[in-house]
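A.B. asks: Attaching a single structure in structure tokens format; questions to follow.
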Amino acid sequence: MEALLVVPSQPRTLVTSPTPTVIAWPQGASQPHTALVPRTPHHTLAARLLLAFVITTDVHALARSNAGKRTMRAAVYDPGAPQSTSVVDQAAPKLHKKGFCRGGVLCEVRSCGANPVDAKFVIGDKFPESWLPWASRRVAGSTPGFDFSGVVIDAPAGSGFAAGDEVFGFAEDPASLRPWRPLHGSFCEVVDAPLDQISHKPSTLSWQEAAACPLVCITALQALEQHGVSEGQKVLVIGASGGVGHVAVQIARCLGAEVIGVCSGRNAEFVEKCGASVVVDYRQDGYIEKIAEHGPYDVVLDAVSSADARDKAASYIERVKPYVKTDGDRHNYVVFGGATRHWFLAGLKRFTGLNCFGRGFELFWIRMPGSSKSLSRLAAWADEGQLKPTVSATFAFDEAGVRGAFEALRSRRTAGKVVIDVSSSPSISSESV
């Protein structure tokens with residue numbers, strides 16, 4: 001049998017050999033024209049190098065092709081499914097530039113934090129409860145979640161991040177939701193997170209603890225900073241054992257304030273460990289009088305009051321406002337939920353800076369873009385031992401786990417944060433070419 005071998009720097013030569021060697025080519029790689037290479041003295045080093053180059057080039061091209069076709073598992077809002085969520089396979093995101101010249105960082109998700117806003121379909125908490133079915137249809141197909149912790153896969157040059165870096169932050173900005181564009185949240189295996197919404201992960205926190213931080217901690221920090229909380233001031237936190245509340249207690253202490261927390265008696269010890277100097281049990285008779293006893297307060301963070309009928313029944317705003325200082329800050333009673341008209345005013349303030357709330361009250365709306373420096377500040381406090389979110393429940397990243405997380409959030413009985421562990425999920429797969 002004869003085989004033709006092209007040898008560099010030599011004329012084309014026909015070489016005969018009774019025992020040619022058959023080469024096994026990588027699956028999917030295109031074979032060069034010569035598939036049989038005889039054992040012969042003319043099989044020179046140059047020929048070997050040329051052959052290796054051809055094979056390697058084909059294999060690398062195949063790898064690049066596969067990289068562009070990676071798939072991953074992601075949770076999506078599904079109005080017809082239990083808890084209105086399902087887990088599906090979909091294309092993994094690629095690194096690309098965000099709007100207004102914002103860069104992106106491609107990250108493998110290790111854990112993601114679940115928040116009440118996720119269980120209320122992102123926009124459902126801003127409308128009457130009867131509108132929740134509409135909200136679920138409005139976000140159908142979107143991936144829920146904002147908080148995540150993970151490892152950088154790829155990042156733009158000069159971004160301050162590199163492959164292998166451990167990070168935490170926000171996977172998406174809720175303001176990017178459009179009728180023609182679904183949200184690409186954190187309940188998935190790979191995210192393309194905005195560069196200005198992530199920071200390096202605190203080394204002292206686990207993946208789950210880091211994923212529990214971003215939304216609640218940035219909400220508390222921005223609200224406290226906005227009202228100039230500083231050394232020697234007094235802050236009242238209502239709902240001090242909840243997701244926002246328990247980190248608000250810690251962050252207010254980091255800023256030097258004295259903190260009084262309001263929660264149920266069963267969570268009193270937990271809130272004390274977070275840093276509250278006094279804990280008031282709202283289930284005890286005379287608790288409003290006890291709140292008044294420790295006032296007046298420079299700022300109140302009310303993480304309970306909202307448009308929900310169950311929250312309105314407590315009437316915290318009307319009953320506590322008399323014990324809040326009225327000089328100086330015009331809007332120092334802060335809530336994080338409310339009627340649609342209040343969300344409209346909060347949005348107006350968020351996007352224009354114009355505060356149209358009445359004196360002594362406002363609804364706060366977090367701003368995620370540009371939060372990287374604040375995330376770095378939180379990471380420093382965590383590494384110094386001053387800040388540590390509590391994870392009350394961790395769920396697996398599958399349909400049962402995501403639905404269980406939403407059910408826990410809707411129960412309104414969690415002390416701390418709910419987290420989904422994505423690290424146990426199988427690695428992203430590649431489709432064959």
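Please note that chains go A, B, ... in the order of the structure tokens, that every chain numbers its residues from 1, and that ligands are numbered from 1 in the order shown.
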Apply DSSP to the structure's backbone, then extract all residues of region 163-228 of chain A labelled helix (DSSP H, G or I) and return them as a PyMOL selection string.

C.D. replies: chain A and resi 174-176+195-197+207-211+214-226

A.B. asks: Could you save the residues just selected, with N, CA and C atoms, as a PDB file, in the first residue's frame?

C.D. replies:
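Final file, part_13.pdb:
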ATOM      1  N   PRO A 174     -32.763  45.464  38.030  1.00  0.00           N
ATOM      2  CA  PRO A 174     -34.190  45.345  37.734  1.00  0.00           C
ATOM      3  C   PRO A 174     -34.705  46.418  36.789  1.00  0.00           C
ATOM      4  N   ALA A 175     -34.014  47.557  36.732  1.00  0.00           N
ATOM      5  CA  ALA A 175     -34.448  48.632  35.834  1.00  0.00           C
ATOM      6  C   ALA A 175     -34.254  48.269  34.371  1.00  0.00           C
ATOM      7  N   SER A 176     -33.528  47.170  34.103  1.00  0.00           N
ATOM      8  CA  SER A 176     -33.285  46.769  32.713  1.00  0.00           C
ATOM      9  C   SER A 176     -34.430  45.935  32.144  1.00  0.00           C
ATOM     10  N   LEU A 195     -20.081  45.073  35.389  1.00  0.00           N
ATOM     11  CA  LEU A 195     -18.804  45.305  36.062  1.00  0.00           C
ATOM     12  C   LEU A 195     -18.953  46.206  37.286  1.00  0.00           C
ATOM     13  N   ASP A 196     -19.855  47.192  37.219  1.00  0.00           N
ATOM     14  CA  ASP A 196     -20.001  48.133  38.332  1.00  0.00           C
ATOM     15  C   ASP A 196     -20.959  47.625  39.411  1.00  0.00           C
ATOM     16  N   GLN A 197     -21.335  46.316  39.339  1.00  0.00           N
ATOM     17  CA  GLN A 197     -22.237  45.750  40.338  1.00  0.00           C
ATOM     18  C   GLN A 197     -21.630  44.543  41.054  1.00  0.00           C
ATOM     19  N   TRP A 207     -19.490  30.764  50.362  1.00  0.00           N
ATOM     20  CA  TRP A 207     -20.210  31.119  49.132  1.00  0.00           C
ATOM     21  C   TRP A 207     -21.653  31.497  49.465  1.00  0.00           C
ATOM     22  N   GLN A 208     -22.273  30.735  50.365  1.00  0.00           N
ATOM     23  CA  GLN A 208     -23.671  30.990  50.704  1.00  0.00           C
ATOM     24  C   GLN A 208     -23.826  32.330  51.431  1.00  0.00           C
ATOM     25  N   GLU A 209     -22.934  32.608  52.374  1.00  0.00           N
ATOM     26  CA  GLU A 209     -23.014  33.869  53.115  1.00  0.00           C
ATOM     27  C   GLU A 209     -22.764  35.061  52.207  1.00  0.00           C
ATOM     28  N   ALA A 210     -21.808  34.925  51.296  1.00  0.00           N
ATOM     29  CA  ALA A 210     -21.517  36.025  50.366  1.00  0.00           C
ATOM     30  C   ALA A 210     -22.702  36.288  49.450  1.00  0.00           C
ATOM     31  N   ALA A 211     -23.370  35.207  49.003  1.00  0.00           N
ATOM     32  CA  ALA A 211     -24.533  35.374  48.126  1.00  0.00           C
ATOM     33  C   ALA A 211     -25.713  35.982  48.868  1.00  0.00           C
ATOM     34  N   PRO A 214     -25.594  40.884  48.944  1.00  0.00           N
ATOM     35  CA  PRO A 214     -25.737  42.091  48.120  1.00  0.00           C
ATOM     36  C   PRO A 214     -27.018  42.894  48.291  1.00  0.00           C
ATOM     37  N   LEU A 215     -28.181  42.310  48.038  1.00  0.00           N
ATOM     38  CA  LEU A 215     -29.398  43.117  48.019  1.00  0.00           C
ATOM     39  C   LEU A 215     -29.732  43.682  49.392  1.00  0.00           C
ATOM     40  N   VAL A 216     -29.716  42.854  50.420  1.00  0.00           N
ATOM     41  CA  VAL A 216     -30.106  43.347  51.749  1.00  0.00           C
ATOM     42  C   VAL A 216     -29.067  44.302  52.321  1.00  0.00           C
ATOM     43  N   CYS A 217     -27.798  44.001  52.126  1.00  0.00           N
ATOM     44  CA  CYS A 217     -26.750  44.860  52.699  1.00  0.00           C
ATOM     45  C   CYS A 217     -26.659  46.200  51.979  1.00  0.00           C
ATOM     46  N   ILE A 218     -26.743  46.185  50.645  1.00  0.00           N
ATOM     47  CA  ILE A 218     -26.685  47.449  49.906  1.00  0.00           C
ATOM     48  C   ILE A 218     -27.936  48.278  50.194  1.00  0.00           C
ATOM     49  N   THR A 219     -29.087  47.622  50.317  1.00  0.00           N
ATOM     50  CA  THR A 219     -30.315  48.342  50.679  1.00  0.00           C
ATOM     51  C   THR A 219     -30.127  49.064  52.007  1.00  0.00           C
ATOM     52  N   ALA A 220     -29.655  48.347  53.021  1.00  0.00           N
ATOM     53  CA  ALA A 220     -29.477  48.943  54.347  1.00  0.00           C
ATOM     54  C   ALA A 220     -28.420  50.044  54.333  1.00  0.00           C
ATOM     55  N   LEU A 221     -27.293  49.775  53.682  1.00  0.00           N
ATOM     56  CA  LEU A 221     -26.206  50.754  53.659  1.00  0.00           C
ATOM     57  C   LEU A 221     -26.619  52.030  52.937  1.00  0.00           C
ATOM     58  N   GLN A 222     -27.236  51.886  51.759  1.00  0.00           N
ATOM     59  CA  GLN A 222     -27.650  53.074  51.016  1.00  0.00           C
ATOM     60  C   GLN A 222     -28.681  53.886  51.795  1.00  0.00           C
ATOM     61  N   ALA A 223     -29.632  53.200  52.442  1.00  0.00           N
ATOM     62  CA  ALA A 223     -30.653  53.915  53.209  1.00  0.00           C
ATOM     63  C   ALA A 223     -30.036  54.656  54.392  1.00  0.00           C
ATOM     64  N   LEU A 224     -29.118  54.008  55.089  1.00  0.00           N
ATOM     65  CA  LEU A 224     -28.480  54.642  56.244  1.00  0.00           C
ATOM     66  C   LEU A 224     -27.573  55.794  55.817  1.00  0.00           C
ATOM     67  N   GLU A 225     -26.802  55.597  54.756  1.00  0.00           N
ATOM     68  CA  GLU A 225     -25.919  56.667  54.268  1.00  0.00           C
ATOM     69  C   GLU A 225     -26.718  57.859  53.759  1.00  0.00           C
ATOM     70  N   GLN A 226     -27.815  57.561  53.098  1.00  0.00           N
ATOM     71  CA  GLN A 226     -28.650  58.629  52.546  1.00  0.00           C
ATOM     72  C   GLN A 226     -29.148  59.563  53.633  1.00  0.00           C
TER      73      GLN A 226
END

A.B. asks: Between A:Ala171, A:Val190, A:Leu183, A:Ala276, which one has atoms that come closest to Lys94 (chain A), using only C-alpha atoms?

C.D. replies: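 Distance minimum relative to Lys94 (chain A) lands on A:Val190.
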
A.B. asks: With a distance cut-off of 9 Å and only C-alpha atoms, select the neighbouring residues of Asn355 (chain A), excluding the residue or stretch itself and same-chain residues fewer than 3 positions from it, and output the selection as a PyMOL selection string.

C.D. replies: chain A and resi 331+345-346+348-350+352+358+362

A.B. asks: Hey, can you spit out that residue selection with C-alpha atoms as a PDB file, in the first residue's frame?

C.D. replies:
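Final output, saved to out.pdb:
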ATOM      1  CA  HIS A 331     -37.725  61.948  55.548  1.00  0.00           C
ATOM      2  CA  LEU A 345     -42.536  58.553  44.136  1.00  0.00           C
ATOM      3  CA  ALA A 346     -39.620  56.284  45.067  1.00  0.00           C
ATOM      4  CA  LEU A 348     -39.034  59.453  40.747  1.00  0.00           C
ATOM      5  CA  LYS A 349     -36.471  60.013  43.483  1.00  0.00           C
ATOM      6  CA  ARG A 350     -34.306  57.097  42.319  1.00  0.00           C
ATOM      7  CA  THR A 352     -34.193  62.119  39.188  1.00  0.00           C
ATOM      8  CA  GLY A 358     -44.395  64.128  52.661  1.00  0.00           C
ATOM      9  CA  GLU A 362     -40.265  57.902  52.430  1.00  0.00           C
TER      10      GLU A 362
END

A.B. asks: Ranking A:Thr71, A:Ser241, A:Gln90, A:Thr204 by minimum distance to Leu378 (chain A) and counting only C-alpha atoms, which one comes first?

C.D. replies: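 Using only C-alpha atoms, Leu378 (chain A) sits closest to A:Thr204.
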
A.B. asks: Calculated over only C-alpha atoms, which of the candidates A:Ala339, A:Val167, A:Val249, A:Met368 has the smallest distance to Leu205 (chain A)?

C.D. replies: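 Going through A:Ala339, A:Val167, A:Val249, A:Met368 one by one, the smallest distance to Leu205 (chain A) is for A:Val167.
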
A.B. asks: Using only C-alpha atoms, find the one residue out of A:Ala92, A:Ile291, A:Val304, A:Val139 that sits nearest to Gly337 (chain A).

C.D. replies: A:Val304

A.B. asks: Counting only C-alpha atoms, figure out which residue out of A:Ala193, A:Ala309, A:Val320, A:Leu363 gets nearest to Tyr287 (chain A).

C.D. replies: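 Ranking A:Ala193, A:Ala309, A:Val320, A:Leu363 by distance to Tyr287 (chain A), first place goes to A:Val320.
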
A.B. asks: Given the choices A:Asp154, A:Gly242, A:Arg70, A:Phe187, which gets closest to Asp398 (chain A) if the distance is worked out from only C-alpha atoms?

C.D. replies: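 The answer is A:Phe187, which sits nearest to Asp398 (chain A).
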
A.B. asks: Just the residues within 10 Å of Tyr316 (chain A), please, counting only C-alpha atoms, with nothing from its chain fewer than 4 positions along; format it as a PyMOL selection string.

C.D. replies: chain A and resi 238+288+302+304-305+311-312+320-321

A.B. asks: Grab the residues selected above and save them as a PDB file, in the first residue's frame with N, CA and C atoms.

C.D. replies:
ATOM      1  N   ILE A 238     -37.183  48.104  62.650  1.00  0.00           N
ATOM      2  CA  ILE A 238     -38.400  47.302  62.829  1.00  0.00           C
ATOM      3  C   ILE A 238     -38.323  46.119  61.858  1.00  0.00           C
ATOM      4  N   ILE A 288     -45.156  49.398  72.173  1.00  0.00           N
ATOM      5  CA  ILE A 288     -45.006  50.738  71.610  1.00  0.00           C
ATOM      6  C   ILE A 288     -44.448  51.686  72.672  1.00  0.00           C
ATOM      7  N   ASP A 302     -37.951  50.735  58.739  1.00  0.00           N
ATOM      8  CA  ASP A 302     -39.105  49.870  58.939  1.00  0.00           C
ATOM      9  C   ASP A 302     -39.138  48.827  57.824  1.00  0.00           C
ATOM     10  N   VAL A 304     -40.916  46.145  57.835  1.00  0.00           N
ATOM     11  CA  VAL A 304     -42.156  45.376  57.934  1.00  0.00           C
ATOM     12  C   VAL A 304     -43.284  46.016  57.143  1.00  0.00           C
ATOM     13  N   SER A 305     -43.513  47.303  57.326  1.00  0.00           N
ATOM     14  CA  SER A 305     -44.656  47.966  56.707  1.00  0.00           C
ATOM     15  C   SER A 305     -44.620  47.875  55.187  1.00  0.00           C
ATOM     16  N   ASP A 311     -49.307  43.414  56.916  1.00  0.00           N
ATOM     17  CA  ASP A 311     -48.359  44.405  57.437  1.00  0.00           C
ATOM     18  C   ASP A 311     -49.066  45.685  57.872  1.00  0.00           C
ATOM     19  N   LYS A 312     -50.120  46.043  57.148  1.00  0.00           N
ATOM     20  CA  LYS A 312     -50.856  47.250  57.497  1.00  0.00           C
ATOM     21  C   LYS A 312     -51.472  47.153  58.889  1.00  0.00           C
ATOM     22  N   VAL A 320     -45.388  54.827  65.542  1.00  0.00           N
ATOM     23  CA  VAL A 320     -43.979  55.057  65.892  1.00  0.00           C
ATOM     24  C   VAL A 320     -43.495  56.443  65.501  1.00  0.00           C
ATOM     25  N   LYS A 321     -44.063  57.044  64.474  1.00  0.00           N
ATOM     26  CA  LYS A 321     -43.590  58.355  63.987  1.00  0.00           C
ATOM     27  C   LYS A 321     -43.526  59.434  65.066  1.00  0.00           C
TER      28      LYS A 321
END

A.B. asks: From region 97-130 of chain A, collect each residue whose DSSP state is strand (DSSP E) and return the set as a PyMOL selection string.

C.D. replies: chain A and resi 104-114

A.B. asks: Mind giving me the straight-line distance from CA of Ala396 (chain A) to CA of Val122 (chain A) in Å, one decimal?

C.D. replies: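 Between CA of Ala396 (chain A) and CA of Val122 (chain A) the gap works out to 21.5 Å.
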